[in-house]
Structures are given as structure tokens and as C-alpha cells.
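Notes follow the structure.
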Amino acid sequence: MAELSGVVRVGSAGTVICYEGKDYVKVDEWARRGDIVLVRGNISDYLRADEFYGVNADEDGDEYVLDADEDVFYFSERNYDGLTVFRGGVSTETLLAAQREELAKIIATIAELEAKLADEKTLKVGDYARRLITGQVVRVVVDDRSELPYKTVPALDSDESGFYGWNTRSQLVKLTPAEAKAAILAQVEAQFKEVA
């Protein structure tokens, strides 16, 4: 078989695929007739990366795939690292184990993303924020982790010792430096329009 079309990746961990209604599970074994291989890299000028190929075997039992021109491509130790092997006809237990592995990877990825999102939203000293009550852009200069943790100064204030205000988490929305700059420029533009 040459390059296969219609292969569906089941999940994002890459352990299960489906082809023509049949499930195939990733195996850490040498490919054999009937398996499907995914070419991960440039292992040949004739096989395209990130494409699936059906595995055949010749009279001697040597496994190969056919490229788009129906040329034979034999596997070797040198190019085998660029392939992922999927095997069909596996037991329900094996398929279930692969799906559980897939789920565990997805759960781990979600946990990492949730932690990253929480960190991105958490205000720290030096961060810019918008005060929800006034809309003013401020900079956090103190976080004492109390009930009213954030001491802020106006974003353009160079004197950090001047008291501006203490805020709760719910009174501030974190801004990136680019968002803070755009908000400050918009405030300046609005003031000049009022003067004109």
C-alpha cells in the first residue's frame, strides 16, 4: 500500500489511529505486514513526513512501504527511528490501555495549562493592572498577601514611595506591558481630544 488517506488520529497523544473502521494502537516493535507506519521526519526523499503508509512484505519477509510513485521503500536500522508503528487487531484490553494512556496525557496537559493560566492571571510586584472602579492603569509595587494585598501607583508615576492605593484581587485586572501601554496612550489621546 502506498500513502494512506482517511487515517484518523484518535486523541492528541498519538497512541491510537483509526483506518477504514479498524483501530490501530502504537507499538514499540518492528513493523510487519498489515501495520501502518507514520513517517515522522525526512527519512527519504520519496516518503512524506507526517503521512501514514501501509506496510507490506516481500517473498523473503522483508517489510516495506510504497511511495506515491509505487516505488518500494525498505526499512533499515538507519531510518527506523523516523517511524511510528501502529498495529491493528489488538485486544480490547490493549486498546483500553492505550486510551487510558491517551487520557492520562490529556489530563496532564490540562493541568499544566491550568497552572500556566493561573500564573499568567496572578498579579505580582511590577505587573501592570487596570483598576476596575476607575479604569486607570496602575503598577503593583507591593504584594503583602493580606486581605488587601496590592499597593499600586499610577503606571506613569516614577516615585514608588508615594501612596496611591491598596486593592483586592477583584479590584484589579492584570495587563500585559503592551496592553498597559495601549491603554495609557488611549487615555492621553482622549485628554488631548477634550482640550481641542
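Every chain in the C-alpha cells takes a letter, A first, then B, and so on in the order presented; its residues are numbered from 1, and the ligands are numbered from 1 following the presented order.
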- [ ] Write out as number ranges by chain the residues lying within 6 Å of A:Thr152, counting only C-alpha atoms and excluding same-chain residues fewer than 2 positions away.
- [x] A: 138-141, 164-165
- [ ] Return as a ChimeraX atom specification the full set of residues in stretch 32-93 of chain A whose backbone-based DSSP assignment is strand (DSSP E or B).
- [x] /A:36-39,51-54,56-57,63-66,72-74,83-88
Open item on the list: I want to know what sits within 10 Å of A:Val10, based on only C-alpha atoms, with residues of the same chain fewer than 3 positions away left out; could you give that as a PyMOL selection string?
Closed with: chain A and resi 7+13-18+23-25+99+102
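You can rank A:Val65, A:Leu4, A:Ala180, A:Val85 by their closest distance to A:Leu38 using only C-alpha atoms, and at the top of that list sits A:Val85.
Close contacts of A:Arg40, defined as residues with an atom at most 6 Å away when counting only C-alpha atoms, with chain neighbours fewer than 3 positions off set aside, comprise Ala49, Asp50, Gly82 and Leu83 of chain A.
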Store the residues picked out above in a file with N, CA, C and O atoms, as a JSON list (two decimals), in the first residue's frame.
```json
[["chain", "number", "residue", "atom", "x", "y", "z"],
["A", 49, "ALA", "N", 6.80, 13.41, 5.20],
["A", 49, "ALA", "CA", 6.70, 13.50, 6.65],
["A", 49, "ALA", "C", 5.25, 13.72, 7.07],
["A", 49, "ALA", "O", 4.48, 14.36, 6.35],
["A", 50, "ASP", "N", 4.90, 13.17, 8.23],
["A", 50, "ASP", "CA", 3.57, 13.29, 8.83],
["A", 50, "ASP", "C", 2.49, 12.64, 7.98],
["A", 50, "ASP", "O", 1.34, 13.08, 7.98],
["A", 82, "GLY", "N", 12.68, 7.22, 12.48],
["A", 82, "GLY", "CA", 11.75, 8.23, 11.95],
["A", 82, "GLY", "C", 10.35, 7.71, 11.74],
["A", 82, "GLY", "O", 9.52, 8.39, 11.13],
["A", 83, "LEU", "N", 10.05, 6.51, 12.23],
["A", 83, "LEU", "CA", 8.73, 5.90, 12.02],
["A", 83, "LEU", "C", 8.03, 5.63, 13.35],
["A", 83, "LEU", "O", 8.67, 5.32, 14.34]]
```
